[in-house]
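Shown here: entry_8.pdb, PDB, C-alpha atoms, pLDDT in the B column.
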```pdb
ATOM      1  CA  MET Z  27      -0.334   3.815  77.292  1.00 72.00           C
ATOM      2  CA  ASP Z  28      -3.330   6.127  77.581  1.00 79.00           C
ATOM      3  CA  ARG Z  29      -3.599   9.823  76.760  1.00 81.00           C
ATOM      4  CA  LYS Z  30      -2.632  11.039  80.222  1.00 83.00           C
ATOM      5  CA  GLN Z  31       0.400   8.785  80.448  1.00 85.00           C
ATOM      6  CA  LEU Z  32       1.602   9.800  76.983  1.00 86.00           C
ATOM      7  CA  GLY Z  33       1.220  13.479  77.868  1.00 86.00           C
ATOM      8  CA  GLN Z  34       3.150  13.002  81.102  1.00 87.00           C
ATOM      9  CA  LEU Z  35       5.914  11.124  79.288  1.00 88.00           C
ATOM     10  CA  ILE Z  36       6.219  13.894  76.695  1.00 87.00           C
ATOM     11  CA  GLY Z  37       6.368  16.506  79.454  1.00 89.00           C
ATOM     12  CA  ILE Z  38       9.142  14.657  81.266  1.00 87.00           C
ATOM     13  CA  MET Z  39      11.168  14.173  78.090  1.00 85.00           C
ATOM     14  CA  VAL Z  40      10.778  17.822  77.050  1.00 86.00           C
ATOM     15  CA  ILE Z  41      12.014  18.909  80.473  1.00 84.00           C
ATOM     16  CA  ILE Z  42      14.978  16.541  80.244  1.00 81.00           C
ATOM     17  CA  LYS Z  43      15.936  17.375  76.670  1.00 79.00           C
ATOM     18  CA  SER Z  44      14.804  20.981  76.139  1.00 79.00           C
ATOM     19  CA  VAL Z  45      14.534  22.721  79.513  1.00 77.00           C
ATOM     20  CA  LEU Z  46      17.325  21.285  81.655  1.00 76.00           C
ATOM     21  CA  PRO Z  47      20.039  21.886  79.026  1.00 72.00           C
ATOM     22  CA  MET Z  48      19.095  25.593  79.121  1.00 68.00           C
ATOM     23  CA  VAL Z  49      19.934  25.596  82.831  1.00 66.00           C
ATOM     24  CA  PHE Z  50      22.905  23.263  82.707  1.00 63.00           C
ATOM     25  CA  ILE Z  51      24.669  24.327  79.509  1.00 56.00           C
ATOM     26  CA  GLN Z  52      27.175  21.480  79.510  1.00 56.00           C
ATOM     27  CA  MET Z  53      24.509  18.832  79.978  1.00 59.00           C
ATOM     28  CA  GLU Z  54      24.814  16.145  77.299  1.00 63.00           C
ATOM     29  CA  ILE Z  55      21.891  13.846  76.506  1.00 63.00           C
ATOM     30  CA  SER Z  56      21.612  11.287  73.726  1.00 68.00           C
ATOM     31  CA  GLU Z  57      20.205  12.447  70.385  1.00 73.00           C
ATOM     32  CA  PHE Z  58      18.056   9.329  70.428  1.00 77.00           C
ATOM     33  CA  VAL Z  59      16.072  10.789  73.327  1.00 79.00           C
ATOM     34  CA  TRP Z  60      15.242  13.830  71.197  1.00 81.00           C
ATOM     35  CA  PHE Z  61      14.066  11.728  68.258  1.00 83.00           C
ATOM     36  CA  VAL Z  62      11.826   9.736  70.596  1.00 85.00           C
ATOM     37  CA  THR Z  63      10.468  12.980  72.073  1.00 86.00           C
ATOM     38  CA  VAL Z  64       9.601  14.439  68.669  1.00 87.00           C
ATOM     39  CA  TYR Z  65       8.015  11.148  67.620  1.00 87.00           C
ATOM     40  CA  LEU Z  66       5.847  11.058  70.747  1.00 89.00           C
ATOM     41  CA  ILE Z  67       4.724  14.659  70.221  1.00 89.00           C
ATOM     42  CA  ALA Z  68       3.685  13.832  66.661  1.00 87.00           C
ATOM     43  CA  ALA Z  69       1.932  10.695  67.905  1.00 88.00           C
ATOM     44  CA  TYR Z  70       0.002  12.701  70.497  1.00 88.00           C
ATOM     45  CA  ILE Z  71      -1.117  15.232  67.885  1.00 88.00           C
ATOM     46  CA  ARG Z  72      -2.214  12.438  65.561  1.00 85.00           C
ATOM     47  CA  LEU Z  73      -3.977  10.242  68.105  1.00 86.00           C
ATOM     48  CA  TYR Z  74      -5.795  12.681  70.349  1.00 84.00           C
ATOM     49  CA  ASP Z  75      -8.156  15.545  69.638  1.00 74.00           C
ATOM     50  CA  ASN Z  76      -7.296  18.762  71.384  1.00 79.00           C
ATOM     51  CA  ARG Z  77      -8.645  22.253  70.855  1.00 81.00           C
ATOM     52  CA  LEU Z  78      -5.089  23.567  70.779  1.00 81.00           C
ATOM     53  CA  PHE Z  79      -4.396  21.428  67.717  1.00 85.00           C
ATOM     54  CA  CYS Z  80      -7.458  22.572  65.772  1.00 83.00           C
ATOM     55  CA  LEU Z  81      -7.140  26.357  65.843  1.00 84.00           C
ATOM     56  CA  PRO Z  82      -7.090  28.453  62.655  1.00 86.00           C
ATOM     57  CA  ALA Z  83      -3.715  28.229  60.960  1.00 84.00           C
ATOM     58  CA  LYS Z  84      -2.948  31.945  61.292  1.00 86.00           C
ATOM     59  CA  LEU Z  85      -3.130  31.764  65.089  1.00 89.00           C
ATOM     60  CA  TYR Z  86      -0.120  29.475  65.173  1.00 88.00           C
ATOM     61  CA  VAL Z  87       1.834  32.174  63.348  1.00 88.00           C
ATOM     62  CA  TRP Z  88       1.103  34.496  66.262  1.00 90.00           C
ATOM     63  CA  VAL Z  89       2.644  31.885  68.533  1.00 89.00           C
ATOM     64  CA  ALA Z  90       5.643  30.969  66.404  1.00 89.00           C
ATOM     65  CA  PHE Z  91       6.947  34.391  65.450  1.00 89.00           C
ATOM     66  CA  PRO Z  92       6.869  36.064  68.893  1.00 90.00           C
ATOM     67  CA  VAL Z  93       8.696  33.049  70.333  1.00 88.00           C
ATOM     68  CA  LEU Z  94      11.133  33.225  67.438  1.00 86.00           C
ATOM     69  CA  ALA Z  95      11.635  36.936  68.095  1.00 87.00           C
ATOM     70  CA  VAL Z  96      12.407  36.237  71.758  1.00 86.00           C
ATOM     71  CA  GLN Z  97      14.834  33.504  70.775  1.00 81.00           C
ATOM     72  CA  ILE Z  98      16.652  35.762  68.307  1.00 80.00           C
ATOM     73  CA  SER Z  99      16.753  38.605  70.830  1.00 82.00           C
ATOM     74  CA  LEU Z 100      18.276  36.381  73.493  1.00 78.00           C
ATOM     75  CA  SER Z 101      20.804  35.046  70.990  1.00 74.00           C
ATOM     76  CA  VAL Z 102      21.798  38.606  70.039  1.00 74.00           C
ATOM     77  CA  ILE Z 103      22.151  39.558  73.700  1.00 78.00           C
ATOM     78  CA  LEU Z 104      24.292  36.479  74.258  1.00 73.00           C
ATOM     79  CA  GLU Z 105      26.444  37.511  71.321  1.00 70.00           C
ATOM     80  CA  PHE Z 106      27.061  40.924  72.892  1.00 73.00           C
ATOM     81  CA  VAL Z 107      27.847  39.640  76.380  1.00 72.00           C
ATOM     82  CA  LYS Z 108      29.997  36.690  75.345  1.00 67.00           C
ATOM     83  CA  LYS Z 109      33.156  38.792  75.606  1.00 66.00           C
ATOM     84  CA  ALA Z 110      32.335  39.768  79.173  1.00 67.00           C
ATOM     85  CA  ILE Z 111      31.614  36.227  80.364  1.00 64.00           C
ATOM     86  CA  PRO Z 112      34.536  33.795  80.010  1.00 63.00           C
ATOM     87  CA  GLY Z 113      33.621  30.603  78.190  1.00 59.00           C
ATOM     88  CA  ILE Z 114      30.231  31.813  76.979  1.00 57.00           C
ATOM     89  CA  GLU Z 115      31.489  32.033  73.387  1.00 53.00           C
ATOM     90  CA  LYS Z 116      31.388  28.237  73.298  1.00 54.00           C
ATOM     91  CA  ASN Z 117      27.611  28.387  73.683  1.00 55.00           C
ATOM     92  CA  VAL Z 118      26.547  30.693  70.856  1.00 53.00           C
ATOM     93  CA  MET Z 119      23.770  28.204  70.018  1.00 59.00           C
ATOM     94  CA  TYR Z 120      22.507  28.285  73.611  1.00 64.00           C
ATOM     95  CA  PHE Z 121      19.009  29.478  72.653  1.00 67.00           C
ATOM     96  CA  ALA Z 122      18.968  28.358  69.018  1.00 67.00           C
ATOM     97  CA  ASP Z 123      20.051  24.732  69.154  1.00 72.00           C
ATOM     98  CA  THR Z 124      17.704  22.196  67.599  1.00 75.00           C
ATOM     99  CA  GLU Z 125      16.531  20.802  70.909  1.00 76.00           C
ATOM    100  CA  ARG Z 126      15.932  24.049  72.790  1.00 80.00           C
ATOM    101  CA  LEU Z 127      12.467  24.863  74.080  1.00 83.00           C
ATOM    102  CA  PHE Z 128      12.150  27.924  71.829  1.00 84.00           C
ATOM    103  CA  VAL Z 129      12.884  25.882  68.722  1.00 85.00           C
ATOM    104  CA  LEU Z 130      10.484  23.157  69.838  1.00 88.00           C
ATOM    105  CA  VAL Z 131       7.616  25.626  70.334  1.00 89.00           C
ATOM    106  CA  VAL Z 132       8.252  27.290  66.967  1.00 89.00           C
ATOM    107  CA  SER Z 133       8.532  23.931  65.199  1.00 89.00           C
ATOM    108  CA  VAL Z 134       5.326  22.502  66.661  1.00 90.00           C
ATOM    109  CA  SER Z 135       3.465  25.755  65.957  1.00 90.00           C
ATOM    110  CA  LEU Z 136       4.539  25.793  62.317  1.00 89.00           C
ATOM    111  CA  PHE Z 137       3.686  22.110  61.995  1.00 89.00           C
ATOM    112  CA  LEU Z 138       0.176  22.739  63.329  1.00 89.00           C
ATOM    113  CA  MET Z 139      -0.158  25.775  61.070  1.00 89.00           C
ATOM    114  CA  PHE Z 140       0.445  23.703  57.955  1.00 86.00           C
ATOM    115  CA  LYS Z 141      -1.618  20.842  59.355  1.00 85.00           C
ATOM    116  CA  ASN Z 142      -4.661  23.090  59.630  1.00 86.00           C
ATOM    117  CA  MET Z 143      -4.169  24.947  56.358  1.00 86.00           C
ATOM    118  CA  ASP Z 144      -6.479  24.123  53.486  1.00 82.00           C
ATOM    119  CA  ILE Z 145      -3.847  23.375  50.862  1.00 79.00           C
ATOM    120  CA  LYS Z 146      -4.871  22.049  47.481  1.00 82.00           C
ATOM    121  CA  HIS Z 147      -3.287  18.883  46.162  1.00 80.00           C
ATOM    122  CA  SER Z 148      -0.086  19.420  44.225  1.00 81.00           C
ATOM    123  CA  ALA Z 149       1.700  16.536  42.530  1.00 85.00           C
ATOM    124  CA  PHE Z 150       4.901  18.589  42.356  1.00 84.00           C
ATOM    125  CA  VAL Z 151       4.884  19.417  46.071  1.00 83.00           C
ATOM    126  CA  ASN Z 152       4.153  15.798  46.968  1.00 84.00           C
ATOM    127  CA  LYS Z 153       6.997  14.650  44.735  1.00 85.00           C
ATOM    128  CA  ILE Z 154       9.466  16.991  46.412  1.00 87.00           C
ATOM    129  CA  ALA Z 155       8.119  16.325  49.897  1.00 84.00           C
ATOM    130  CA  ALA Z 156       8.577  12.587  49.411  1.00 85.00           C
ATOM    131  CA  SER Z 157      12.344  13.146  49.412  1.00 88.00           C
ATOM    132  CA  THR Z 158      12.449  15.192  52.619  1.00 87.00           C
ATOM    133  CA  PHE Z 159      13.456  12.314  54.865  1.00 85.00           C
ATOM    134  CA  ALA Z 160      16.128  11.233  52.399  1.00 87.00           C
ATOM    135  CA  VAL Z 161      17.483  14.792  52.336  1.00 90.00           C
ATOM    136  CA  TYR Z 162      17.779  14.690  56.110  1.00 85.00           C
ATOM    137  CA  LEU Z 163      19.499  11.303  56.129  1.00 84.00           C
ATOM    138  CA  ILE Z 164      21.984  12.311  53.437  1.00 86.00           C
ATOM    139  CA  HIS Z 165      23.029  15.760  54.594  1.00 85.00           C
ATOM    140  CA  ASN Z 166      23.044  14.927  58.315  1.00 82.00           C
ATOM    141  CA  ASN Z 167      25.154  11.810  57.933  1.00 82.00           C
ATOM    142  CA  PRO Z 168      28.130  12.000  60.347  1.00 80.00           C
ATOM    143  CA  LEU Z 169      30.466  11.029  57.507  1.00 84.00           C
ATOM    144  CA  LEU Z 170      29.370  14.058  55.466  1.00 84.00           C
ATOM    145  CA  LEU Z 171      28.925  16.770  58.082  1.00 83.00           C
ATOM    146  CA  ARG Z 172      32.475  18.094  58.106  1.00 84.00           C
ATOM    147  CA  ILE Z 173      32.980  17.628  54.370  1.00 86.00           C
ATOM    148  CA  LEU Z 174      29.704  19.326  53.508  1.00 86.00           C
ATOM    149  CA  TRP Z 175      29.699  22.303  55.864  1.00 84.00           C
ATOM    150  CA  LEU Z 176      33.404  23.002  56.335  1.00 84.00           C
ATOM    151  CA  ASP Z 177      35.159  21.733  53.215  1.00 86.00           C
ATOM    152  CA  ILE Z 178      32.563  22.394  50.510  1.00 87.00           C
ATOM    153  CA  PHE Z 179      30.463  25.313  51.748  1.00 86.00           C
ATOM    154  CA  LYS Z 180      33.002  26.648  54.290  1.00 84.00           C
ATOM    155  CA  THR Z 181      30.156  27.835  56.489  1.00 82.00           C
ATOM    156  CA  ASN Z 182      32.427  28.773  59.384  1.00 80.00           C
ATOM    157  CA  GLU Z 183      34.215  31.343  57.220  1.00 82.00           C
ATOM    158  CA  PHE Z 184      30.997  33.252  56.514  1.00 79.00           C
ATOM    159  CA  VAL Z 185      29.617  33.541  60.060  1.00 75.00           C
ATOM    160  CA  ASP Z 186      30.806  37.128  60.573  1.00 74.00           C
ATOM    161  CA  GLU Z 187      30.383  38.236  56.971  1.00 76.00           C
ATOM    162  CA  PRO Z 188      27.564  40.627  55.937  1.00 77.00           C
ATOM    163  CA  TRP Z 189      26.317  38.158  53.308  1.00 80.00           C
ATOM    164  CA  PHE Z 190      26.085  35.264  55.763  1.00 81.00           C
ATOM    165  CA  ILE Z 191      22.279  35.098  55.418  1.00 81.00           C
ATOM    166  CA  LEU Z 192      22.504  34.879  51.626  1.00 88.00           C
ATOM    167  CA  HIS Z 193      25.189  32.225  51.908  1.00 86.00           C
ATOM    168  CA  MET Z 194      23.033  30.282  54.362  1.00 86.00           C
ATOM    169  CA  ILE Z 195      19.934  30.418  52.137  1.00 89.00           C
ATOM    170  CA  GLY Z 196      21.920  29.444  49.048  1.00 90.00           C
ATOM    171  CA  THR Z 197      23.560  26.568  50.905  1.00 91.00           C
ATOM    172  CA  ILE Z 198      20.222  25.242  52.138  1.00 90.00           C
ATOM    173  CA  LEU Z 199      18.682  25.387  48.666  1.00 92.00           C
ATOM    174  CA  CYS Z 200      21.709  23.735  47.106  1.00 92.00           C
ATOM    175  CA  VAL Z 201      21.787  20.918  49.667  1.00 92.00           C
ATOM    176  CA  TYR Z 202      18.057  20.290  49.354  1.00 92.00           C
ATOM    177  CA  VAL Z 203      18.100  20.226  45.553  1.00 93.00           C
ATOM    178  CA  VAL Z 204      21.162  17.974  45.285  1.00 92.00           C
ATOM    179  CA  CYS Z 205      19.940  15.542  47.951  1.00 92.00           C
ATOM    180  CA  THR Z 206      16.483  15.430  46.353  1.00 93.00           C
ATOM    181  CA  VAL Z 207      18.003  14.611  42.969  1.00 93.00           C
ATOM    182  CA  ILE Z 208      20.111  11.866  44.577  1.00 92.00           C
ATOM    183  CA  ASP Z 209      17.022  10.387  46.226  1.00 90.00           C
ATOM    184  CA  MET Z 210      15.019  10.482  42.986  1.00 91.00           C
ATOM    185  CA  LEU Z 211      17.845   8.821  41.064  1.00 91.00           C
ATOM    186  CA  CYS Z 212      18.113   6.134  43.731  1.00 89.00           C
ATOM    187  CA  ALA Z 213      14.354   5.601  43.600  1.00 86.00           C
ATOM    188  CA  ARG Z 214      14.591   4.941  39.855  1.00 87.00           C
ATOM    189  CA  THR Z 215      17.775   2.865  39.831  1.00 87.00           C
ATOM    190  CA  VAL Z 216      19.067   1.433  43.099  1.00 86.00           C
ATOM    191  CA  ILE Z 217      15.821   0.961  45.042  1.00 83.00           C
ATOM    192  CA  PRO Z 218      14.061  -1.229  42.410  1.00 87.00           C
ATOM    193  CA  TRP Z 219      17.127  -3.464  42.176  1.00 88.00           C
ATOM    194  CA  VAL Z 220      17.403  -3.742  45.964  1.00 86.00           C
ATOM    195  CA  THR Z 221      13.669  -4.433  46.211  1.00 87.00           C
ATOM    196  CA  ARG Z 222      13.870  -7.210  43.623  1.00 88.00           C
ATOM    197  CA  PHE Z 223      16.901  -8.704  45.359  1.00 89.00           C
ATOM    198  CA  TYR Z 224      15.276  -8.780  48.783  1.00 89.00           C
ATOM    199  CA  THR Z 225      12.014 -10.055  47.309  1.00 90.00           C
ATOM    200  CA  PHE Z 226      13.920 -12.886  45.635  1.00 90.00           C
ATOM    201  CA  LEU Z 227      15.828 -13.587  48.854  1.00 91.00           C
ATOM    202  CA  TRP Z 228      12.642 -13.561  50.924  1.00 90.00           C
ATOM    203  CA  GLU Z 229      10.906 -15.954  48.542  1.00 90.00           C
ATOM    204  CA  LYS Z 230      13.860 -18.341  48.798  1.00 89.00           C
ATOM    205  CA  ILE Z 231      13.798 -18.145  52.592  1.00 91.00           C
ATOM    206  CA  CYS Z 232      10.051 -18.795  52.672  1.00 89.00           C
ATOM    207  CA  ALA Z 233      10.414 -21.737  50.281  1.00 88.00           C
ATOM    208  CA  ALA Z 234      13.222 -23.200  52.386  1.00 88.00           C
ATOM    209  CA  ALA Z 235      11.192 -22.727  55.558  1.00 88.00           C
ATOM    210  CA  SER Z 236       8.232 -24.439  53.903  1.00 87.00           C
ATOM    211  CA  ARG Z 237      10.370 -27.415  52.894  1.00 87.00           C
ATOM    212  CA  ILE Z 238      11.857 -27.638  56.376  1.00 87.00           C
ATOM    213  CA  GLY Z 239       8.367 -27.541  57.871  1.00 83.00           C
ATOM    214  CA  ALA Z 240       7.137 -30.267  55.544  1.00 82.00           C
ATOM    215  CA  TYR Z 241      10.166 -32.424  56.296  1.00 83.00           C
ATOM    216  CA  SER Z 242       9.687 -31.889  60.034  1.00 82.00           C
ATOM    217  CA  GLN Z 243       6.069 -33.027  59.799  1.00 82.00           C
ATOM    218  CA  TRP Z 244       7.099 -36.102  57.789  1.00 78.00           C
ATOM    219  CA  PHE Z 245       9.851 -36.909  60.271  1.00 74.00           C
ATOM    220  CA  LEU Z 246       7.530 -36.544  63.272  1.00 76.00           C
ATOM    221  CA  ALA Z 247       4.947 -38.749  61.565  1.00 76.00           C
ATOM    222  CA  LYS Z 248       7.551 -41.497  61.210  1.00 71.00           C
ATOM    223  CA  LEU Z 249       8.368 -41.489  64.911  1.00 67.00           C
TER     224      LEU Z 249
END
```

Take the structure in the file and write it out as structure tokens.
Amino acid sequence: MDRKQLGQLIGIMVIIKSVLPMVFIQMEISEFVWFVTVYLIAAYIRLYDNRLFCLPAKLYVWVAFPVLAVQISLSVILEFVKKAIPGIEKNVMYFADTERLFVLVVSVSLFLMFKNMDIKHSAFVNKIAASTFAVYLIHNNPLLLRILWLDIFKTNEFVDEPWFILHMIGTILCVYVVCTVIDMLCARTVIPWVTRFYTFLWEKICAAASRIGAYSQWFLAKL
């Protein structure tokens, strides 16, 4: 797949996953499609040089925050008109959902901002950043979603409260810290044991395959 084909594929997938759902609110598309879309966008940024990807970091802020302001404004407007339009209250995340075009533009802009920033090496930051994917896998696990957000943090009870923002920030920090600690503990305890086990198992499989290969050669030589 060349550069043009990859760009066209990304465009099609963004339209399917980010644009069309803003027109057809009830449209349901697999989450897998979104993960593939994000992966392809990252691949395009990594593989191909483009002037849009090499601008000064501060310029991406001027893209991200106006788009974010528009998104928030539309969400506020939707909040005010939801009582006048039957059924609209079910779509309070209409403009703010993870896969919406506004969120995609803001996310890519912030990613490019940090990509082009001249940040000095920090062992602490790298240590914390190494657990980011694990944090995502832990807290977004379908088995934990309801327990975490409804039973433990009771997020739904704070939506209309004046301290909702503080509750949200505290919840995010708490989840990130706890999940990071879990990942670090696993890296020191469970992961080494699992690695040794699979290494041992793989060595046994390779040895068995080698013996089978040798026996096969001996058997064929006897024919």

Residue by residue, what does the PyMOL selection byres ((chain Z and resi 32) around 12) grab here? Present the result as number ranges by chain.
Z: 27-31, 33-39, 63, 65-71, 73-74

Which residues match the PyMOL selection byres ((chain Z and resi 132) around 10) in the file above, as a ChimeraX atom specification?
/Z:86-87,89-94,97,127-131,133-138

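A straight line drawn from atom CA of Phe61 of chain Z to atom CA of Thr124 of chain Z is 11.1 Å long.
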
Z:Cys212, Z:Leu171, Z:Trp60, Z:Met139 ranked by distance to Ser157 of chain Z, top pick (using all atoms listed in the file):
Z:Cys212

Name the residues that the PyMOL selection byres ((chain Z and resi 158-161) around 8) picks from the file above, as a PyMOL selection string, using the file's chain letters and numbers.
chain Z and resi 154-157+162-165+201-202+205-206+209

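In terms of minimum interatomic distance to Glu57 of chain Z, Z:Glu125 ranks closest within Z:Phe223, Z:Glu125, Z:Val185, Z:Val151, counting only C-alpha atoms.
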
My list of candidates is Z:Ile231, Z:Ala149, Z:Met194, Z:Ile42. Which is closest to Lys180 of chain Z when distances are computed with only C-alpha atoms?
Z:Met194

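As for atom CA of Ser44 of chain Z and atom CA of Arg126 of chain Z, they are spaced 4.7 Å apart.
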
Around segment 29-39 of chain Z, with edges along x, y and z and 3 Å added on all six sides, what centre and edge lengths do you get, in Å to one decimal, as AutoDock Vina command-line options?
```
--center_x 3.8 --center_y 12.6 --center_z 79.0 --size_x 20.8 --size_y 13.7 --size_z 10.6
```
